[in-house]
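Below: one structure, written as structure tokens.
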Amino acid sequence: MSDQTKDSIKLAATRLFYTNGYHGTSVRDIAKEASVNSALISYYFGGKHVLFETLLIEFFEGYIHSIEEAMRTSDGDLQQVLSHLFKRVFTYQQSCHLLARMAHREMTMDSTLVREVMSTYLRKEQFLLEQVIQVHLNAKQVKRVPLDLTVLHLRNMLTLPFSSPQYLKELFLVAPDDHLFMRRYVTHAEQWMRSLLETRDVKRLHLVRS
């Protein structure tokens, strides 16, 4: 029962933090949404701040793991790496789409917690995505492109539907949990990144930082 109660609290907190923000959500609100005694939030999580921190860390742990798994299960071919990367990362984010929206939105703020998450998880994300590109540089599969900007392109493709859900909803009438749209998006993202990186001009095959 304790695991079920904790899961109910986390789900309720995710919905409220996403809808009302951290400061607009109280412990009493979360308890009411989860249909539990408010004392249980302190008992299981140590309070609202720790609960919020737990949710962010759990999301980014899973997010980084999905990138690592995509890299681990690819054989080095550019098409396969990108296919695994987009599919695994999108599947993970769709499985917890409200939490993904909340987490990506929080990363646009400036706070001690955000800086800690940036230095721990997003720094590792940057390193992993740079590796994705660097491997194909070494295998002479990519053309001359600025590493930093290419990583930004790749990350933006991986997170955009979850970092800008309201934009998608209002202008394109779709949501990140729309599986048909996401299948189309993943296919387009793979093709777009391949077209950005691939070349047949072997005389100019190297990657540079700018």
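Residues in the structure tokens are named by chain (A, B, ... in the order shown) and by number from 1 within that chain; ligands are numbered from 1 in the order shown.
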
Taking a cut-off of 7 Å and counting only C-alpha atoms, can you build a table that, for each residue of segment 35-75 of chain A near segment 89-99 of chain A, reports the nearest atom pair and how far apart they are in Å (one decimal), sorted by chain then residue number, as a Markdown table?
| residue | atom | partner | partner_atom | distance |
| --- | --- | --- | --- | --- |
| A:Phe59 | CA | A:Leu99 | CA | 6.9 |
| A:Tyr63 | CA | A:Val89 | CA | 6.7 |
| A:Ser66 | CA | A:Val89 | CA | 5.5 |
| A:Ile67 | CA | A:Val89 | CA | 6.3 |

How would the residues just picked look written out with N, CA and C atoms as a PDB file, in the first residue's frame?
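Printed below is again-v5.pdb as written:
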ATOM      1  N   PHE A  59      12.813  12.135 -13.259  1.00  0.00           N
ATOM      2  CA  PHE A  59      12.639  12.335 -14.704  1.00  0.00           C
ATOM      3  C   PHE A  59      13.975  12.345 -15.417  1.00  0.00           C
ATOM      4  N   TYR A  63      15.591  10.026 -18.309  1.00  0.00           N
ATOM      5  CA  TYR A  63      15.907  10.684 -19.583  1.00  0.00           C
ATOM      6  C   TYR A  63      17.333  10.350 -20.014  1.00  0.00           C
ATOM      7  N   SER A  66      17.704   6.718 -21.034  1.00  0.00           N
ATOM      8  CA  SER A  66      17.181   6.411 -22.367  1.00  0.00           C
ATOM      9  C   SER A  66      18.191   6.784 -23.454  1.00  0.00           C
ATOM     10  N   ILE A  67      18.936   7.876 -23.266  1.00  0.00           N
ATOM     11  CA  ILE A  67      19.987   8.249 -24.220  1.00  0.00           C
ATOM     12  C   ILE A  67      21.112   7.223 -24.192  1.00  0.00           C
TER      13      ILE A  67
END

message: So that I can check the surroundings of Met107 of chain A, please list as a list in words every protein, DNA and RNA residue that reaches within 12 Å of it, counting only C-alpha atoms and ignoring chain neighbours fewer than 3 positions away.
response: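 Once the nearby chain positions are removed, what remains is Leu56, Ile57, Phe60, Ala100, Arg101, Met102, Ala103, His104, Asp110, Ser111, Thr112, Leu113, Val114, Arg115, Glu116, Val117, Met118, Ser119, Tyr121, Leu122, Thr159 and Ser163 of chain A.
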
Atom pair atom CA of Gly62 of chain A + atom CA of Glu170 of chain A, distance 28.5 Å

Q: To one decimal in Å, tell me the separation between atom CA of Leu168 of chain A and atom CA of Tyr18 of chain A.
A: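 Value for the atom CA of Leu168 of chain A-atom CA of Tyr18 of chain A distance: 16.3 Å.
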
inquiry  = Need to verify the contact set: Ile41 of chain A, 9 Å, only C-alpha atoms, exclusion of same-chain residues closer than 6 positions in sequence. Can you return it as a count of residues only?
reply    = 8

Run DSSP on the backbone of this structure and report the residues of chain A it assigns to helix (DSSP H, G or I), as JSON, numbers by chain. {"A": [2, 3, 4, 5, 6, 7, 8, 9, 10, 11, 12, 13, 14, 15, 16, 17, 18, 19, 20, 27, 28, 29, 30, 31, 32, 33, 34, 39, 40, 41, 42, 43, 44, 45, 48, 49, 50, 51, 52, 53, 54, 55, 56, 57, 58, 59, 60, 61, 62, 63, 64, 65, 66, 67, 68, 69, 70, 71, 72, 78, 79, 80, 81, 82, 83, 84, 85, 86, 87, 88, 89, 90, 91, 92, 93, 94, 95, 97, 98, 99, 100, 101, 102, 103, 104, 105, 106, 112, 113, 114, 115, 116, 117, 118, 119, 120, 121, 122, 123, 124, 125, 126, 127, 128, 129, 130, 131, 132, 133, 134, 135, 136, 137, 138, 147, 148, 149, 150, 151, 152, 153, 154, 155, 156, 157, 158, 159, 160, 161, 162, 163, 165, 166, 167, 168, 169, 170, 171, 172, 179, 180, 181, 182, 183, 184, 185, 186, 187, 188, 189, 190, 191, 192, 193, 194, 195, 196, 197, 202, 203, 204]}

Next, the residues of the selection above should be written as a compact mmCIF listing (two decimals), in the first residue's frame with C-alpha atoms.
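Once everything was written out, this is selection-v1.txt:
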# COMPACT_ATOMS: atom_id res chain seq x y z
CA SER A 2 2.89 2.41 0.75
CA ASP A 3 4.23 2.21 -2.83
CA GLN A 4 0.75 2.83 -4.21
CA THR A 5 0.30 5.81 -1.89
CA LYS A 6 3.67 7.27 -2.87
CA ASP A 7 2.85 6.85 -6.55
CA SER A 8 -0.52 8.57 -6.04
CA ILE A 9 1.19 11.48 -4.31
CA LYS A 10 3.80 11.83 -7.07
CA LEU A 11 1.17 11.71 -9.81
CA ALA A 12 -1.01 14.29 -8.05
CA ALA A 13 1.99 16.53 -7.41
CA THR A 14 3.08 16.31 -11.05
CA ARG A 15 -0.34 17.38 -12.29
CA LEU A 16 -0.54 20.30 -9.86
CA PHE A 17 3.06 21.47 -10.29
CA TYR A 18 2.57 21.43 -14.05
CA THR A 19 -0.76 23.26 -13.92
CA ASN A 20 -0.20 25.70 -11.05
CA VAL A 27 0.91 20.43 0.43
CA ARG A 28 -2.79 20.50 1.17
CA ASP A 29 -3.56 20.75 -2.58
CA ILE A 30 -1.41 17.71 -3.30
CA ALA A 31 -2.95 15.70 -0.46
CA LYS A 32 -6.46 16.54 -1.66
CA GLU A 33 -5.63 15.63 -5.26
CA ALA A 34 -4.09 12.32 -4.14
CA ALA A 39 0.99 14.30 6.85
CA LEU A 40 1.91 11.46 4.49
CA ILE A 41 3.67 13.89 2.14
CA SER A 42 6.11 14.83 4.88
CA TYR A 43 6.34 11.21 6.01
CA TYR A 44 7.27 9.85 2.59
CA PHE A 45 9.07 12.81 1.01
CA LYS A 48 6.90 19.83 -0.81
CA HIS A 49 10.40 20.92 -1.83
CA VAL A 50 11.86 17.42 -1.51
CA LEU A 51 8.90 15.98 -3.39
CA PHE A 52 9.46 18.46 -6.22
CA GLU A 53 13.17 17.69 -6.27
CA THR A 54 12.45 13.95 -6.30
CA LEU A 55 10.20 14.30 -9.34
CA LEU A 56 12.79 16.30 -11.29
CA ILE A 57 15.61 13.91 -10.47
CA GLU A 58 13.51 10.84 -11.32
CA PHE A 59 12.64 12.34 -14.70
CA PHE A 60 16.19 13.26 -15.65
CA GLU A 61 17.57 9.93 -14.40
CA GLY A 62 15.23 8.17 -16.81
CA TYR A 63 15.91 10.68 -19.58
CA ILE A 64 19.68 10.20 -19.41
CA HIS A 65 19.24 6.42 -19.15
CA SER A 66 17.18 6.41 -22.37
CA ILE A 67 19.99 8.25 -24.22
CA GLU A 68 22.60 5.85 -22.85
CA GLU A 69 20.52 2.82 -23.84
CA ALA A 70 20.08 4.16 -27.38
CA MET A 71 23.84 4.56 -27.73
CA ARG A 72 24.55 1.17 -26.20
CA LEU A 78 24.41 6.90 -38.21
CA GLN A 79 20.89 5.98 -39.27
CA GLN A 80 20.57 3.34 -36.58
CA VAL A 81 21.98 5.58 -33.85
CA LEU A 82 19.56 8.40 -34.64
CA SER A 83 16.64 5.98 -34.97
CA HIS A 84 17.36 4.40 -31.57
CA LEU A 85 18.00 7.76 -29.99
CA PHE A 86 14.75 9.41 -31.07
CA LYS A 87 12.58 6.36 -30.47
CA ARG A 88 13.91 5.59 -27.00
CA VAL A 89 13.95 9.18 -25.79
CA PHE A 90 10.47 9.92 -27.15
CA THR A 91 9.03 6.66 -25.81
CA TYR A 92 10.37 7.55 -22.37
CA GLN A 93 9.07 11.12 -22.43
CA GLN A 94 5.66 10.01 -23.68
CA SER A 95 5.43 7.48 -20.86
CA HIS A 97 4.52 13.28 -20.60
CA LEU A 98 3.17 15.52 -17.81
CA LEU A 99 6.35 15.06 -15.81
CA ALA A 100 8.42 15.71 -18.96
CA ARG A 101 6.56 18.97 -19.59
CA MET A 102 7.00 20.04 -15.98
CA ALA A 103 10.70 19.16 -15.91
CA HIS A 104 11.61 20.86 -19.20
CA ARG A 105 9.67 23.98 -18.23
CA GLU A 106 11.45 24.12 -14.87
CA THR A 112 19.62 26.49 -6.96
CA LEU A 113 17.83 23.24 -7.80
CA VAL A 114 17.84 24.01 -11.54
CA ARG A 115 21.56 24.81 -11.46
CA GLU A 116 22.24 21.51 -9.67
CA VAL A 117 20.21 19.57 -12.24
CA MET A 118 21.98 21.42 -15.06
CA SER A 119 25.43 20.60 -13.71
CA THR A 120 24.58 16.95 -13.04
CA TYR A 121 22.16 15.76 -15.71
CA LEU A 122 22.16 18.27 -18.55
CA ARG A 123 25.94 18.43 -18.55
CA LYS A 124 25.91 14.66 -19.03
CA GLU A 125 23.26 15.01 -21.74
CA GLN A 126 25.54 17.45 -23.56
CA PHE A 127 28.47 15.03 -23.29
CA LEU A 128 26.42 12.09 -24.61
CA LEU A 129 24.99 14.02 -27.56
CA GLU A 130 28.47 15.27 -28.46
CA GLN A 131 29.58 11.63 -28.44
CA VAL A 132 26.78 10.68 -30.82
CA ILE A 133 28.17 13.14 -33.36
CA GLN A 134 31.86 12.54 -32.59
CA VAL A 135 31.58 8.80 -33.26
CA HIS A 136 30.46 9.52 -36.80
CA LEU A 137 33.19 12.07 -37.25
CA ASN A 138 35.72 9.36 -36.41
CA LEU A 147 29.63 20.85 -32.77
CA ASP A 148 27.90 23.15 -30.30
CA LEU A 149 25.17 24.25 -32.71
CA THR A 150 24.60 20.69 -33.94
CA VAL A 151 24.14 19.47 -30.36
CA LEU A 152 21.64 22.29 -29.81
CA HIS A 153 19.73 21.22 -32.93
CA LEU A 154 19.70 17.60 -31.79
CA ARG A 155 18.60 18.41 -28.25
CA ASN A 156 15.88 20.73 -29.48
CA MET A 157 14.49 17.99 -31.73
CA LEU A 158 14.49 15.57 -28.77
CA THR A 159 12.68 17.87 -26.35
CA LEU A 160 10.60 20.37 -28.35
CA PRO A 161 7.18 18.61 -28.16
CA PHE A 162 7.52 18.40 -24.38
CA SER A 163 9.14 21.77 -23.75
CA PRO A 165 3.34 21.65 -25.51
CA GLN A 166 1.10 24.72 -25.45
CA TYR A 167 2.54 25.91 -28.76
CA LEU A 168 1.70 22.55 -30.33
CA LYS A 169 -1.77 22.51 -28.80
CA GLU A 170 -2.79 26.04 -29.77
CA LEU A 171 -1.24 26.27 -33.24
CA PHE A 172 -1.13 22.68 -34.49
CA HIS A 179 0.94 8.83 -30.70
CA LEU A 180 0.19 9.37 -34.41
CA PHE A 181 1.74 12.84 -34.37
CA MET A 182 4.76 11.56 -32.43
CA ARG A 183 5.42 8.76 -34.93
CA ARG A 184 5.44 11.34 -37.73
CA TYR A 185 7.64 13.64 -35.66
CA VAL A 186 10.20 10.93 -34.87
CA THR A 187 10.48 9.94 -38.54
CA HIS A 188 10.94 13.57 -39.58
CA ALA A 189 13.48 14.23 -36.81
CA GLU A 190 15.61 11.24 -37.87
CA GLN A 191 15.57 12.28 -41.51
CA TRP A 192 16.31 15.92 -40.72
CA MET A 193 19.31 15.12 -38.52
CA ARG A 194 20.71 12.69 -41.10
CA SER A 195 20.41 15.30 -43.85
CA LEU A 196 22.24 17.78 -41.62
CA LEU A 197 25.13 15.44 -40.88
CA VAL A 202 35.25 12.53 -48.04
CA LYS A 203 37.87 15.29 -48.49
CA ARG A 204 36.02 17.56 -46.04

- [ ] Record the distance separating atom CA of Ser164 of chain A and atom CA of Pro176 of chain A, expressed in Å with one decimal.
- [x]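 Rounded to one decimal, the two atoms are 9.3 Å apart.
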